[in-house]
Every structure is written in C-alpha cells, then in structure tokens.
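The file structure.pdb comes next; it holds PDB, C-alpha atoms.
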ATOM      1  CA  MET A   9      -3.348 -32.963  22.009
ATOM      2  CA  ASN A  10      -5.303 -30.578  19.805
ATOM      3  CA  THR A  11      -4.135 -31.499  16.316
ATOM      4  CA  PRO A  12      -5.720 -28.509  14.454
ATOM      5  CA  THR A  13      -4.113 -26.115  16.952
ATOM      6  CA  LEU A  14      -0.738 -27.803  16.504
ATOM      7  CA  LYS A  15      -1.038 -27.597  12.726
ATOM      8  CA  SER A  16      -1.949 -23.912  12.954
ATOM      9  CA  ALA A  17       1.075 -23.237  15.145
ATOM     10  CA  ARG A  18       3.366 -25.033  12.700
ATOM     11  CA  TRP A  19       1.831 -23.084   9.805
ATOM     12  CA  LEU A  20       2.501 -19.794  11.584
ATOM     13  CA  ASP A  21       6.068 -20.841  12.390
ATOM     14  CA  GLN A  22       6.929 -20.600   8.702
ATOM     15  CA  PRO A  23       8.179 -17.086   7.847
ATOM     16  CA  ALA A  24       6.465 -17.115   4.445
ATOM     17  CA  ASN A  25       3.071 -17.835   6.003
ATOM     18  CA  LYS A  26       3.575 -15.248   8.717
ATOM     19  CA  GLY A  27       4.518 -12.798   5.984
ATOM     20  CA  LEU A  28       1.255 -13.497   4.167
ATOM     21  CA  LEU A  29      -0.780 -12.792   7.307
ATOM     22  CA  LEU A  30       1.095  -9.556   8.026
ATOM     23  CA  GLY A  31       0.702  -8.564   4.391
ATOM     24  CA  LEU A  32      -3.031  -9.199   4.640
ATOM     25  CA  LEU A  33      -3.200  -7.021   7.755
ATOM     26  CA  GLY A  34      -1.465  -4.226   5.859
ATOM     27  CA  VAL A  35      -3.890  -4.600   2.943
ATOM     28  CA  VAL A  36      -6.888  -4.439   5.308
ATOM     29  CA  ILE A  37      -5.534  -1.134   6.663
ATOM     30  CA  PHE A  38      -4.773   0.208   3.172
ATOM     31  CA  ALA A  39      -8.197  -0.805   1.846
ATOM     32  CA  LEU A  40      -9.796   2.300   3.353
ATOM     33  CA  THR A  41      -7.223   4.708   1.921
ATOM     34  CA  LEU A  42      -9.060   5.688  -1.261
ATOM     35  CA  PRO A  43     -12.503   6.041   0.364
ATOM     36  CA  MET A  44     -11.033   8.088   3.227
ATOM     37  CA  THR A  45      -9.085  10.222   0.777
ATOM     38  CA  ARG A  46     -12.325  10.813  -1.099
ATOM     39  CA  LEU A  47     -13.931  12.029   2.140
ATOM     40  CA  ALA A  48     -11.029  14.369   2.828
ATOM     41  CA  VAL A  49     -10.672  15.846  -0.668
ATOM     42  CA  GLY A  50     -14.375  16.121  -1.435
ATOM     43  CA  THR A  51     -15.772  16.437  -4.948
ATOM     44  CA  VAL A  52     -15.650  19.036  -7.692
ATOM     45  CA  GLU A  53     -19.069  20.259  -6.571
ATOM     46  CA  ALA A  54     -18.192  20.251  -2.846
ATOM     47  CA  PRO A  55     -14.406  20.479  -2.443
ATOM     48  CA  GLN A  56     -12.824  20.043   0.973
ATOM     49  CA  MET A  57      -9.041  19.792   1.479
ATOM     50  CA  SER A  58      -6.618  20.162  -1.390
ATOM     51  CA  GLY A  59      -4.989  16.976  -2.619
ATOM     52  CA  VAL A  60      -1.538  18.453  -1.986
ATOM     53  CA  PHE A  61      -2.333  19.162   1.671
ATOM     54  CA  ILE A  62      -3.806  15.701   2.235
ATOM     55  CA  ALA A  63      -0.724  14.008   0.776
ATOM     56  CA  LEU A  64       1.900  16.151   2.502
ATOM     57  CA  GLY A  65      -0.046  16.946   5.662
ATOM     58  CA  ARG A  66      -0.598  13.308   6.449
ATOM     59  CA  ALA A  67       3.123  12.715   5.979
ATOM     60  CA  VAL A  68       3.891  15.453   8.524
ATOM     61  CA  VAL A  69       1.558  13.895  11.102
ATOM     62  CA  ALA A  70       3.054  10.460  10.478
ATOM     63  CA  ALA A  71       6.581  11.925  10.723
ATOM     64  CA  ALA A  72       5.802  13.328  14.179
ATOM     65  CA  LEU A  73       4.573   9.900  15.280
ATOM     66  CA  SER A  74       7.667   8.359  13.708
ATOM     67  CA  ALA A  75      10.038  10.624  15.646
ATOM     68  CA  ALA A  76       8.409   9.602  18.925
ATOM     69  CA  PHE A  77       8.471   5.920  17.944
ATOM     70  CA  LEU A  78      12.133   5.970  16.879
ATOM     71  CA  TRP A  79      13.096   7.675  20.136
ATOM     72  CA  ALA A  80      11.046   5.238  22.237
ATOM     73  CA  THR A  81      12.565   2.206  20.519
ATOM     74  CA  ARG A  82      16.086   3.689  20.520
ATOM     75  CA  ALA A  83      16.386   3.075  16.817
ATOM     76  CA  PRO A  84      19.906   3.271  15.356
ATOM     77  CA  TRP A  85      20.628   5.876  12.705
ATOM     78  CA  PRO A  86      20.433   4.569   9.138
ATOM     79  CA  ARG A  87      23.690   3.514   7.570
ATOM     80  CA  ARG A  88      25.109   5.676   4.820
ATOM     81  CA  GLU A  89      24.384   3.031   2.180
ATOM     82  CA  ASP A  90      20.734   2.971   3.312
ATOM     83  CA  LEU A  91      20.114   6.674   2.691
ATOM     84  CA  LEU A  92      19.563   6.402  -1.062
ATOM     85  CA  PRO A  93      17.131   3.442  -0.795
ATOM     86  CA  LEU A  94      15.304   5.331   1.972
ATOM     87  CA  ALA A  95      15.059   8.387  -0.270
ATOM     88  CA  ILE A  96      13.693   6.230  -3.114
ATOM     89  CA  THR A  97      11.199   4.649  -0.708
ATOM     90  CA  ALA A  98      10.098   8.104   0.434
ATOM     91  CA  GLY A  99       9.761   9.261  -3.158
ATOM     92  CA  GLY A 100       7.405   6.368  -3.858
ATOM     93  CA  VAL A 101       5.210   6.033  -0.762
ATOM     94  CA  VAL A 102       5.548   9.404   1.000
ATOM     95  CA  PHE A 103       5.390  11.709  -2.041
ATOM     96  CA  GLY A 104       4.365   9.920  -5.242
ATOM     97  CA  PHE A 105       1.473   7.627  -4.378
ATOM     98  CA  PRO A 106      -0.233   9.909  -1.801
ATOM     99  CA  LEU A 107       0.147  13.043  -3.922
ATOM    100  CA  PHE A 108      -1.071  11.585  -7.210
ATOM    101  CA  THR A 109      -3.997   9.682  -5.679
ATOM    102  CA  SER A 110      -5.107  12.597  -3.486
ATOM    103  CA  VAL A 111      -5.288  14.938  -6.474
ATOM    104  CA  ALA A 112      -6.983  12.329  -8.687
ATOM    105  CA  MET A 113      -9.641  11.286  -6.164
ATOM    106  CA  ARG A 114     -11.492  14.579  -6.456
ATOM    107  CA  TYR A 115     -12.272  13.786 -10.095
ATOM    108  CA  VAL A 116     -12.869  10.025 -10.134
ATOM    109  CA  GLU A 117     -14.766   7.609  -7.929
ATOM    110  CA  ALA A 118     -13.045   4.869  -5.951
ATOM    111  CA  VAL A 119     -14.396   2.111  -8.221
ATOM    112  CA  HIS A 120     -13.010   3.845 -11.307
ATOM    113  CA  ALA A 121      -9.665   4.339  -9.526
ATOM    114  CA  SER A 122      -9.437   0.610  -8.851
ATOM    115  CA  VAL A 123      -9.329   0.004 -12.625
ATOM    116  CA  ILE A 124      -5.868   1.555 -12.601
ATOM    117  CA  VAL A 125      -4.591   0.869  -9.084
ATOM    118  CA  GLY A 126      -5.993  -2.671  -9.183
ATOM    119  CA  VAL A 127      -2.968  -3.832 -11.164
ATOM    120  CA  LEU A 128      -0.546  -2.484  -8.537
ATOM    121  CA  PRO A 129       0.298  -6.016  -7.271
ATOM    122  CA  LEU A 130       1.468  -7.009 -10.761
ATOM    123  CA  ALA A 131       3.620  -3.871 -11.027
ATOM    124  CA  THR A 132       5.067  -4.465  -7.556
ATOM    125  CA  ALA A 133       5.935  -8.061  -8.415
ATOM    126  CA  ALA A 134       7.692  -6.943 -11.602
ATOM    127  CA  VAL A 135       9.770  -4.272  -9.803
ATOM    128  CA  ALA A 136      10.585  -6.647  -6.952
ATOM    129  CA  ALA A 137      11.675  -9.399  -9.330
ATOM    130  CA  LEU A 138      14.172  -7.011 -10.929
ATOM    131  CA  LEU A 139      15.345  -5.503  -7.644
ATOM    132  CA  HIS A 140      15.699  -8.779  -5.758
ATOM    133  CA  ARG A 141      17.169 -10.710  -8.722
ATOM    134  CA  GLN A 142      14.339 -13.243  -8.668
ATOM    135  CA  ARG A 143      12.800 -15.327 -11.449
ATOM    136  CA  PRO A 144       9.134 -16.065 -10.741
ATOM    137  CA  SER A 145       7.857 -19.110 -12.588
ATOM    138  CA  THR A 146       5.543 -18.898 -15.571
ATOM    139  CA  GLY A 147       2.764 -20.252 -13.371
ATOM    140  CA  PHE A 148       3.242 -17.412 -10.904
ATOM    141  CA  TRP A 149       3.029 -14.773 -13.630
ATOM    142  CA  LEU A 150      -0.097 -16.434 -15.047
ATOM    143  CA  CYS A 151      -1.757 -16.271 -11.624
ATOM    144  CA  ALA A 152      -0.690 -12.641 -11.207
ATOM    145  CA  VAL A 153      -1.999 -11.633 -14.623
ATOM    146  CA  LEU A 154      -5.242 -13.578 -14.092
ATOM    147  CA  GLY A 155      -5.806 -11.929 -10.712
ATOM    148  CA  SER A 156      -5.114  -8.474 -12.137
ATOM    149  CA  ALA A 157      -7.456  -9.149 -15.057
ATOM    150  CA  LEU A 158     -10.208 -10.178 -12.633
ATOM    151  CA  VAL A 159      -9.781  -6.983 -10.605
ATOM    152  CA  VAL A 160      -9.809  -4.768 -13.701
ATOM    153  CA  GLY A 161     -12.719  -6.680 -15.215
ATOM    154  CA  PHE A 162     -14.742  -6.335 -12.039
ATOM    155  CA  ALA A 163     -14.028  -2.595 -11.789
ATOM    156  CA  VAL A 164     -14.995  -2.047 -15.432
ATOM    157  CA  LEU A 165     -18.152  -4.121 -14.961
ATOM    158  CA  ARG A 166     -19.199  -2.106 -11.906
ATOM    159  CA  SER A 167     -18.358   1.175 -13.603
ATOM    160  CA  GLY A 168     -20.566   0.427 -16.649
ATOM    161  CA  SER A 169     -19.704   2.114 -19.929
ATOM    162  CA  ALA A 170     -18.011   4.961 -18.032
ATOM    163  CA  GLY A 171     -15.422   2.485 -16.820
ATOM    164  CA  LEU A 172     -13.958   2.310 -20.329
ATOM    165  CA  THR A 173     -13.626   6.081 -20.609
ATOM    166  CA  LEU A 174     -10.121   7.476 -20.218
ATOM    167  CA  HIS A 175     -10.125  10.278 -17.649
ATOM    168  CA  PRO A 176      -7.196  12.732 -17.325
ATOM    169  CA  ALA A 177      -6.934  11.683 -13.679
ATOM    170  CA  ASP A 178      -6.081   8.164 -14.883
ATOM    171  CA  LEU A 179      -2.608   9.427 -15.766
ATOM    172  CA  LEU A 180      -2.167  10.499 -12.142
ATOM    173  CA  LEU A 181      -3.331   7.087 -10.976
ATOM    174  CA  LEU A 182      -0.895   5.358 -13.321
ATOM    175  CA  ALA A 183       1.915   7.495 -11.918
ATOM    176  CA  ALA A 184       0.752   6.643  -8.391
ATOM    177  CA  MET A 185       0.834   2.942  -9.208
ATOM    178  CA  ALA A 186       4.412   3.174 -10.510
ATOM    179  CA  CYS A 187       5.541   5.154  -7.459
ATOM    180  CA  ALA A 188       3.962   2.703  -5.030
ATOM    181  CA  ALA A 189       5.488  -0.322  -6.768
ATOM    182  CA  VAL A 190       8.984   1.161  -6.480
ATOM    183  CA  GLY A 191       8.419   2.336  -2.899
ATOM    184  CA  TYR A 192       7.117  -1.062  -1.808
ATOM    185  CA  ALA A 193       9.993  -2.963  -3.398
ATOM    186  CA  TYR A 194      12.733  -0.757  -1.939
ATOM    187  CA  GLY A 195      11.073  -0.563   1.465
ATOM    188  CA  ALA A 196      10.736  -4.326   1.599
ATOM    189  CA  ARG A 197      14.411  -4.712   0.667
ATOM    190  CA  LEU A 198      15.415  -2.398   3.508
ATOM    191  CA  SER A 199      13.158  -4.314   5.907
ATOM    192  CA  GLN A 200      15.417  -7.329   5.516
ATOM    193  CA  ARG A 201      18.187  -5.530   7.446
ATOM    194  CA  MET A 202      16.213  -2.895   9.369
ATOM    195  CA  ARG A 203      13.075  -3.188  11.468
ATOM    196  CA  ALA A 204      10.109  -2.784   9.151
ATOM    197  CA  GLU A 205       8.673  -0.087  11.421
ATOM    198  CA  HIS A 206      11.913   1.876  11.238
ATOM    199  CA  VAL A 207      11.952   1.861   7.439
ATOM    200  CA  ILE A 208       8.768   3.885   7.027
ATOM    201  CA  CYS A 209       9.644   6.078  10.026
ATOM    202  CA  TRP A 210      13.025   7.095   8.593
ATOM    203  CA  ALA A 211      11.529   7.591   5.148
ATOM    204  CA  LEU A 212       8.982   9.991   6.645
ATOM    205  CA  LEU A 213      11.636  11.908   8.582
ATOM    206  CA  ILE A 214      13.896  12.193   5.544
ATOM    207  CA  ALA A 215      10.973  13.732   3.671
ATOM    208  CA  LEU A 216      10.023  16.136   6.491
ATOM    209  CA  PRO A 217      12.114  19.136   5.296
ATOM    210  CA  ILE A 218       9.923  19.144   2.167
ATOM    211  CA  THR A 219       6.570  17.933   3.508
ATOM    212  CA  LEU A 220       6.411  20.339   6.483
ATOM    213  CA  PRO A 221       6.738  23.668   4.640
ATOM    214  CA  MET A 222       4.558  22.476   1.744
ATOM    215  CA  ALA A 223       1.831  21.256   4.112
ATOM    216  CA  THR A 224       1.969  24.568   5.960
ATOM    217  CA  LEU A 225       1.561  26.546   2.743
ATOM    218  CA  THR A 226      -1.392  24.436   1.542
ATOM    219  CA  ARG A 227      -3.241  24.016   4.856
ATOM    220  CA  PRO A 228      -7.015  24.637   4.801
ATOM    221  CA  THR A 229      -8.108  28.185   5.616
ATOM    222  CA  THR A 230     -11.866  27.606   5.563
ATOM    223  CA  THR A 231     -14.263  25.557   7.665
ATOM    224  CA  LEU A 232     -14.436  21.940   6.546
ATOM    225  CA  HIS A 233     -16.822  19.076   7.208
ATOM    226  CA  ALA A 234     -15.919  16.871  10.156
ATOM    227  CA  SER A 235     -15.871  13.885   7.791
ATOM    228  CA  ALA A 236     -12.992  15.488   5.873
ATOM    229  CA  TRP A 237     -10.906  15.665   9.040
ATOM    230  CA  TRP A 238     -11.776  12.079   9.937
ATOM    231  CA  GLY A 239     -10.694  10.977   6.483
ATOM    232  CA  PHE A 240      -7.460  12.935   6.795
ATOM    233  CA  ALA A 241      -6.754  11.484  10.250
ATOM    234  CA  TYR A 242      -7.171   7.931   8.978
ATOM    235  CA  THR A 243      -4.804   8.452   6.053
ATOM    236  CA  ALA A 244      -2.215  10.043   8.367
ATOM    237  CA  VAL A 245      -2.206   7.487  11.187
ATOM    238  CA  PHE A 246      -3.140   4.275   9.417
ATOM    239  CA  SER A 247      -2.498   4.610   5.664
ATOM    240  CA  MET A 248       0.757   6.550   6.026
ATOM    241  CA  TRP A 249       2.144   4.941   9.182
ATOM    242  CA  LEU A 250       0.714   1.894  10.959
ATOM    243  CA  GLY A 251      -0.220   0.073   7.763
ATOM    244  CA  PHE A 252       3.411   0.030   6.680
ATOM    245  CA  PHE A 253       4.490  -1.592   9.954
ATOM    246  CA  ALA A 254       2.651  -4.764   8.948
ATOM    247  CA  TRP A 255       3.084  -4.366   5.179
ATOM    248  CA  TYR A 256       6.874  -4.028   5.044
ATOM    249  CA  ARG A 257       7.393  -6.776   7.628
ATOM    250  CA  GLY A 258       5.109  -9.042   5.618
ATOM    251  CA  LEU A 259       6.977  -8.298   2.382
ATOM    252  CA  ALA A 260      10.317  -8.988   4.071
ATOM    253  CA  LEU A 261       9.215 -12.301   5.623
ATOM    254  CA  GLY A 262       7.121 -13.697   2.803
ATOM    255  CA  GLY A 263       8.949 -12.204  -0.186
ATOM    256  CA  THR A 264       7.852  -9.087  -2.035
ATOM    257  CA  VAL A 265       6.951 -10.942  -5.232
ATOM    258  CA  ARG A 266       4.565 -13.315  -3.455
ATOM    259  CA  VAL A 267       3.068 -11.144  -0.719
ATOM    260  CA  SER A 268       2.402  -8.238  -3.090
ATOM    261  CA  GLN A 269      -0.312 -10.347  -4.748
ATOM    262  CA  ILE A 270      -2.441 -10.119  -1.600
ATOM    263  CA  GLN A 271      -3.240  -6.564  -2.658
ATOM    264  CA  LEU A 272      -5.455  -8.049  -5.364
ATOM    265  CA  VAL A 273      -8.177  -8.356  -2.708
ATOM    266  CA  GLN A 274      -7.852  -4.706  -1.636
ATOM    267  CA  PRO A 275     -10.634  -3.325  -3.899
ATOM    268  CA  PHE A 276     -13.054  -5.930  -2.557
ATOM    269  CA  LEU A 277     -12.095  -5.222   1.061
ATOM    270  CA  GLY A 278     -12.654  -1.542   0.358
ATOM    271  CA  MET A 279     -16.174  -2.288  -0.848
ATOM    272  CA  LEU A 280     -16.858  -4.464   2.188
ATOM    273  CA  MET A 281     -15.777  -1.629   4.475
ATOM    274  CA  ALA A 282     -17.838   0.848   2.445
ATOM    275  CA  VAL A 283     -21.039  -0.887   3.565
ATOM    276  CA  PRO A 284     -21.076   0.770   7.008
ATOM    277  CA  LEU A 285     -19.095   3.831   5.903
ATOM    278  CA  LEU A 286     -20.929   4.885   2.741
ATOM    279  CA  GLY A 287     -24.117   2.858   2.909
ATOM    280  CA  GLU A 288     -23.240   0.665  -0.085
ATOM    281  CA  ARG A 289     -24.302  -2.969  -0.374
ATOM    282  CA  LEU A 290     -22.655  -6.197  -1.435
ATOM    283  CA  ASP A 291     -24.067  -8.474  -4.116
ATOM    284  CA  ALA A 292     -23.419 -11.936  -5.492
ATOM    285  CA  VAL A 293     -21.238 -10.617  -8.343
ATOM    286  CA  THR A 294     -18.920  -8.838  -5.908
ATOM    287  CA  LEU A 295     -18.591 -11.915  -3.713
ATOM    288  CA  GLY A 296     -18.000 -14.149  -6.747
ATOM    289  CA  PHE A 297     -15.186 -11.999  -8.064
ATOM    290  CA  ALA A 298     -13.679 -11.742  -4.575
ATOM    291  CA  VAL A 299     -13.569 -15.530  -4.212
ATOM    292  CA  ALA A 300     -11.985 -15.889  -7.666
ATOM    293  CA  VAL A 301      -9.295 -13.302  -6.903
ATOM    294  CA  ILE A 302      -8.483 -14.876  -3.543
ATOM    295  CA  ALA A 303      -8.138 -18.222  -5.320
ATOM    296  CA  THR A 304      -5.520 -16.764  -7.699
ATOM    297  CA  VAL A 305      -3.548 -15.461  -4.692
ATOM    298  CA  PHE A 306      -3.421 -18.900  -3.102
ATOM    299  CA  MET A 307      -2.546 -20.567  -6.403
ATOM    300  CA  GLY A 308       0.246 -18.051  -6.930
ATOM    301  CA  LYS A 309       1.605 -18.802  -3.461
ATOM    302  CA  LYS A 310       2.229 -22.390  -4.523
ATOM    303  CA  MET A 311       4.138 -21.422  -7.667
ATOM    304  CA  PRO A 312       7.960 -21.412  -7.430
ATOM    305  CA  VAL A 313       9.970 -18.189  -7.326
ATOM    306  CA  HIS A 314      13.669 -18.778  -8.029
ATOM    307  CA  ALA A 315      16.577 -16.628  -6.899
ATOM    308  CA  ARG A 316      19.214 -15.716  -9.465
ATOM    309  CA  ALA A 317      22.844 -16.519  -8.926
ATOM    310  CA  THR A 318      24.018 -12.917  -9.255
ATOM    311  CA  PRO A 319      24.257 -10.980  -5.991
ATOM    312  CA  GLU A 320      21.580  -8.402  -5.119
ATOM    313  CA  ARG A 321      22.322  -4.720  -5.203
ATOM    314  CA  ILE A 322      20.369  -1.646  -4.352
TER     315      ILE A 322
END
Mind converting the file's structure to structure tokens?
Amino acid sequence: MNTPTLKSARWLDQPANKGLLLGLLGVVIFALTLPMTRLAVGTVEAPQMSGVFIALGRAVVAAALSAAFLWATRAPWPRREDLLPLAITAGGVVFGFPLFTSVAMRYVEAVHASVIVGVLPLATAAVAALLHRQRPSTGFWLCAVLGSALVVGFAVLRSGSAGLTLHPADLLLLAAMACAAVGYAYGARLSQRMRAEHVICWALLIALPITLPMATLTRPTTTLHASAWWGFAYTAVFSMWLGFFAWYRGLALGGTVRVSQIQLVQPFLGMLMAVPLLGERLDAVTLGFAVAVIATVFMGKKMPVHARATPERI
C-alpha cells in the first residue's frame, strides 16, 4: 500500500482542504486579471479600450456563457429570498470591482495597485466574519494582518518612493476592494445552498439589463491592438466567469474567512506569470516575500474560527 498516496487521499477528503485547493485555483486564475486589464485599457499615452467597456463588456460575454451553462445544466431558478443576495453579489463582483479597477489601471501600474488590493483578503475575512456570524481567533487575525502587511510592504518596496505617493486612482482601488469583499462574502454564502457555478451565472444574468446597453454604448469604435482584445477575452472568460466556479466553491467548502487568505499570494503569482507575458524577472526578494506570505496562510489555517450561537441571516 502506498502510504503517501493514502495520506493525500485522506487529506483531500476533508472539505476544508479541498476548499483551500479550489480557492488556490481561483486565485491562480484571478492573478492575471490586473495585468490583462492593463493590456486591454492601455496607458494614458497609448489608450486602448475604455475602462467602462472592459468592465461591462466582459460581464456581457460572461453572461452569454452563463446562459448556455445554466441551460445545459438545467439549473433551477433562484428562490425569491436569494434574489437580494444575488443582486448584492452582482453589485460587488460584476459592477464594482471590475469597473473601479478597469478605470484605475490606466493610471497606475499593477505593482502600485497591489498596495491597495493586496489587503483584499483581510477585508474579505472581516466582511465574512460579520455575515457568517463567526469569531476568528486572535491568532487568525494576527496571521491575516501579518500577511497583509507583508504584501503591502513588498509592493511599497518594489514601487520605490513612488509607492508611498497617494494617487487619485487609489480611491477607485479602495472602492474596488470593498466591493469585492462584499461580493465574495455574499457569493460564498449563496454557494452553500446553490451550486457555486450557478451563483456567478445568475449574478451575471441579473446584471445583464444594465451591462448590455452600457457595453453597447461604450464599445470601441477605433482599431485596437490585438493584445488589448486578448486581455479583454481573458478577463471575460476567466476573470469574470471560470475563476468564480473554483473560487466560490472553495469559499463554501473551506470557509470564507479561512480561504480568503489564499489571495495573499495573488500579487506574487501575478509577477510569476508576468515573466513570460511582460518579460519581467523574478529575484530573491520576491521569492523571499512569497515564501513568508505563504507561511502566514498556512499558520492562519491552523488557527480556530468559532461560530456564534446566533443564527445566520442574509
């Protein structure tokens, strides 16, 4: 009998561990979102698509895929009590986060953006703790704060003195972070009684009466670089759709408070993927910070998260 294989199978049998792996898969998919958005939106000197079109257009494409998926899987209609949480989820991950980040990414680089968005896991854990009536231990919060501080410190270090400069686009990134935290928490809550794939699909379809006409009005009317279209396609199919299949299922299985901390490694994964995409290189400092952040995630996983006695409501 292969003992390591048996131990691996037992480890995967635990919902919390399976949730961590699915959450990691979602983070790997999301890690390319900001770089791909940067390709699609361009720069101030060489603008491509508008941020509004990227945000809403990608939601329209994902909604079309969602309609086909819901039909193919014979998904039941959402219950009446699920409509408001679905609308809140859509407000966070279909409108808020994509719109604010798409507009901001024309004016700031991805490393600078990670200074703000890098603390998203901490914000998500805080929202989830309130929504799910949970009481994470002091040790968990210490790990979460330490991991967030490492991410922010790394981003500031890589940005140099400019990393400490407040840019007007930072306000958009802060708003994006808040929207994503709320959208993740509500979507994860819905994934406990709906298929995770159906949650994002219904959220996209609920938003379609707004996203479709707005995307049509803001569509590009000039010739764009092929790289802009590739960036847009990635954000539509992966960032706005497939990534949430794994992400919401992972949050539901492993717990939103715990699994959300995996996003602490997202900036480092983005840099790793930027090596072949943008020609950047890795160095010892990047790898050192990445190892330290991953260590805080695993330490946080071992810290207790207690459920409160009062019933949950959404």
task: Specify as a PyMOL selection string each residue included when the PyMOL selection byres ((chain A and resi 179-194) around 7) is applied to this file.
output: chain A and resi 93+96-98+100-101+104-105+108-109+112+124-125+128+131-132+135-136+176-178+195-198+264
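For the residues A:Ile62, A:Ala236, A:Ala134, A:Ala75, ranking by smallest atom-to-atom distance to A:Leu47 using all atoms listed in the file places A:Ala236 first.
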query: Residues at most 12 Å from A:Leu73, counting all atoms listed in the file, excluding those fewer than 3 positions away in the same chain, as JSON, numbers by chain?
result: {"A": [66, 67, 68, 69, 70, 76, 77, 78, 79, 80, 205, 206, 208, 209, 210, 212, 213, 244, 245, 246, 248, 249, 250]}
Among listed residues A:Leu33, A:Ala223, A:Leu232, A:Met307, nearest A:Ala63 (using all atoms listed in the file):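 Among the listed residues, A:Ala223 lies closest to A:Ala63.
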query: Expanded to explicit residues, what is the PyMOL selection byres ((chain A and resi 27) around 8) for this file, as a PyMOL selection string?
result: chain A and resi 23-26+28-31+257-263+267
- request: Convert the output of the PyMOL selection byres ((chain A and resi 301) around 8) on the shown file into explicit residues, formatted as a list in words.
  value: Gly155, Leu158, Val159, Leu272, Val273, Phe297, Ala298, Val299, Ala300, Ile302, Ala303, Thr304 and Val305 of chain A
query: What does the distance from atom CA of A:Ala95 to atom CA of A:Phe252 come to in Å, to one decimal?
result: 15.9 Å
- prompt: Please, which residues are within 10 Å of (-15.0, 16.9, -7.0) by the file's coordinates, counting only C-alpha atoms, and could they come as a list in words?
  reply: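 In the file's frame, the residues around the point are Arg46, Val49, Gly50, Thr51, Val52, Glu53, Ala54, Pro55, Gln56, Val111, Ala112, Met113, Arg114, Tyr115, Val116 and Glu117 of chain A.
Using only C-alpha atoms for every distance, the candidate list A:Gln269, A:Phe306, A:Arg82, A:Leu280 yields A:Gln269 as the residue closest to A:Leu130.
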- prompt: So which one's closest to A:Ala152, A:Ala71, A:Leu277, A:Leu91, A:Ile270? Using only C-alpha atoms, please.
  reply: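 Of A:Ala71, A:Leu277, A:Leu91, A:Ile270, the one nearest A:Ala152, counting only C-alpha atoms, is A:Ile270.
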field: Separation of atom CA of A:Ser156 from atom CA of A:Gly251 in Å
entry: 22.2 Å
query: Please, what distance in Å, to one decimal, runs between atom CA of A:Ala241 and atom CA of A:Leu40?
result: 11.9 Å
field: Residue with smallest distance to A:Ser247 - pool A:Val60, A:Val127, A:Ile37, A:Leu107, counting all atoms listed in the file
entry: A:Ile37
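The closest residue to A:Arg227, picked from A:Val102, A:Ile214, A:Met57, A:Ala254 and counting all atoms listed in the file, is A:Met57.
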